[in-house]
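Student: Submitted below is the structure of interest, expressed as structure tokens.
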Amino acid sequence: MTSSTASGGLARFNALEEGAARAVLHEVCASRAWAERLLAARPYADADALYAESDAATAGLATADLTEAMAGHPPIGRPKPGDPTSSREQRGMAGASAELREEMLALNLAYQEKFGHVFLVCATGRTGEQMRDAVRERIGNSAEREREIVRVELGKINRIRLGGLVRDEPSGAEGG
């Protein structure tokens with residue numbers, strides 16, 4: 001396959017000037033190393049090639065790059081104000097009870113105190129209770145184990161966000 005087979009959003013991404021493409025990728029993942037690797041591999045023949053490069057880039061992130069990527073994510077239960085992606089991804093907390101919100105705040109703080117970074121989980125499609133259970137389960141992990149889980153979760157998030165990029169709609173388009 002050639003890049004001419006790329007359609008819609010992927011074709012637009014492939015055609016972007018480097019600075020604009022870098023900005024788009026920064027919205028997907030805050031790691032500069034991840035974005036530079038994806039930029040260097042353009043153009044992409046299809047979405048699978050883009051996803052494969054993202055997976056490889058995520059797997060190859062050094063600890064500092066992983067930390068940089070996590071810094072781009074708000075705590076669960078507190079999406080970035082005015083950020084529709086953050087709000088959509090954390091939709092499961094939208095209708096959470098006050099008790100669950102308070103518990104998540106306490107768990108987020110305990111997790112951050114232990115590991116030095118935000119609790120990162122692919123929240124898309126999860127309920128508030130499922131996210132709470134995930135942080136409860138993971139807070140007992142070693143730092144090394146947790147770093148590998150975070151890497152896997154980041155990879156899932158990046159794939160979902162890249163999926164939005166390659167859809168046959170303009171980048172950044174949000175539904176209702």
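Letters A, B, ... mark the chains of the structure tokens in the order given; residue numbers begin at 1 per chain; ligand numbers begin at 1, in order shown.
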Can you pull out the residues contacting region 90-105 of chain A? Cut-off 6 Å, using only C-alpha atoms, and skip same-chain residues under 6 positions away; I want them as a PyMOL selection string.
Tutor: chain A and resi 77+123+126-128
Student: List the spatial neighbours of His26 (chain A) as a short mmCIF file (atom, residue, chain, number, x, y, z; two decimals) with N, CA and C atoms, in the first residue's frame - criterion: any atom at most 7 Å away, only C-alpha atoms, same-chain residues fewer than 4 positions off excluded.
Tutor:
data_model
loop_
_atom_site.label_atom_id
_atom_site.label_comp_id
_atom_site.auth_asym_id
_atom_site.auth_seq_id
_atom_site.Cartn_x
_atom_site.Cartn_y
_atom_site.Cartn_z
N ARG A 22 2.88 18.21 14.30
CA ARG A 22 3.41 18.08 15.66
C ARG A 22 2.37 18.55 16.67
N ALA A 30 1.34 13.93 25.08
CA ALA A 30 2.21 15.05 25.43
C ALA A 30 3.70 14.72 25.37
N ALA A 35 5.84 11.91 19.71
CA ALA A 35 5.41 12.69 18.55
C ALA A 35 6.48 12.73 17.47
#
Student: Of the candidates A:Leu16, A:Leu50, A:Ala33, A:Ala45, which one gets nearest to Asn158 (chain A) if we count only C-alpha atoms?
Tutor: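 Closest residue, counting only C-alpha atoms: A:Leu50.
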Student: What's around Glu146 (chain A) at 10 Å? Count only C-alpha atoms, leave out sequence neighbours fewer than 5 positions away in its own chain, and write the answer as a list in words.
Tutor: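 After dropping sequence-adjacent residues, the list is Phe115, Phe119, Leu120, Arg138, Ile139, Gly140, Asn141, Arg151 and Val152 of chain A.
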Student: Which polymer residues have any atom within 12 Å of an atom of Ala62 (chain A), counting only C-alpha atoms, with same-chain residues fewer than 6 positions away left out, as JSON, numbers by chain?
Tutor: {"A": [31, 32, 33, 34, 68, 69, 147, 148, 151]}
Student: How far is it from CA of Ile149 (chain A) to CA of Leu66 (chain A), in Å with one decimal?
Tutor: 11.5 Å
Student: Between A:Thr124, A:Ser142, A:Ser54, A:Gln130, which has the minimum distance to Tyr111 (chain A) (counting only C-alpha atoms)?
Tutor: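 Closest to Tyr111 (chain A), using only C-alpha atoms: A:Ser142.
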Student: Report, in Å to a single decimal, how far apart CA of Ala23 (chain A) and CA of Asn108 (chain A) are.
Tutor: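 Spanning CA of Asn108 (chain A) to CA of Ala23 (chain A) is a straight-line distance of 28.6 Å.
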Student: As a PyMOL selection string, please: every residue in chain A that DSSP puts in alpha helix (DSSP H).
Tutor: chain A and resi 8-15+18-28+32-40+47-59+63-70+84-89+98-115+128-138+143-166
Student: My list of candidates is A:Glu129, A:Phe13, A:Arg37, A:Gly116. Which is closest to Ile76 (chain A) when distances are computed with only C-alpha atoms?
Tutor: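 Looking at the shortest contact to Ile76 (chain A), the residue is A:Glu129.
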Student: Which of these, A:Leu109, A:Glu27, A:Gly19, A:Asn14, has the shortest distance to Leu162 (chain A) once you count only C-alpha atoms?
Tutor: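 Answer, going by the shortest atom-to-atom distance: A:Glu27.
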Student: Counting only C-alpha atoms, figure out which residue out of A:Gly164, A:Gly155, A:Gly8, A:Pro75 gets nearest to Ala59 (chain A).
Tutor: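 Using only C-alpha atoms, Ala59 (chain A) sits closest to A:Gly155.
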Student: So, counting only C-alpha atoms, which residue among A:Leu38, A:Ala21, A:Val135, A:Met70 is closest to Ala56 (chain A)?
Tutor: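 The shortest atom-to-atom distance to Ala56 (chain A) comes from A:Leu38.
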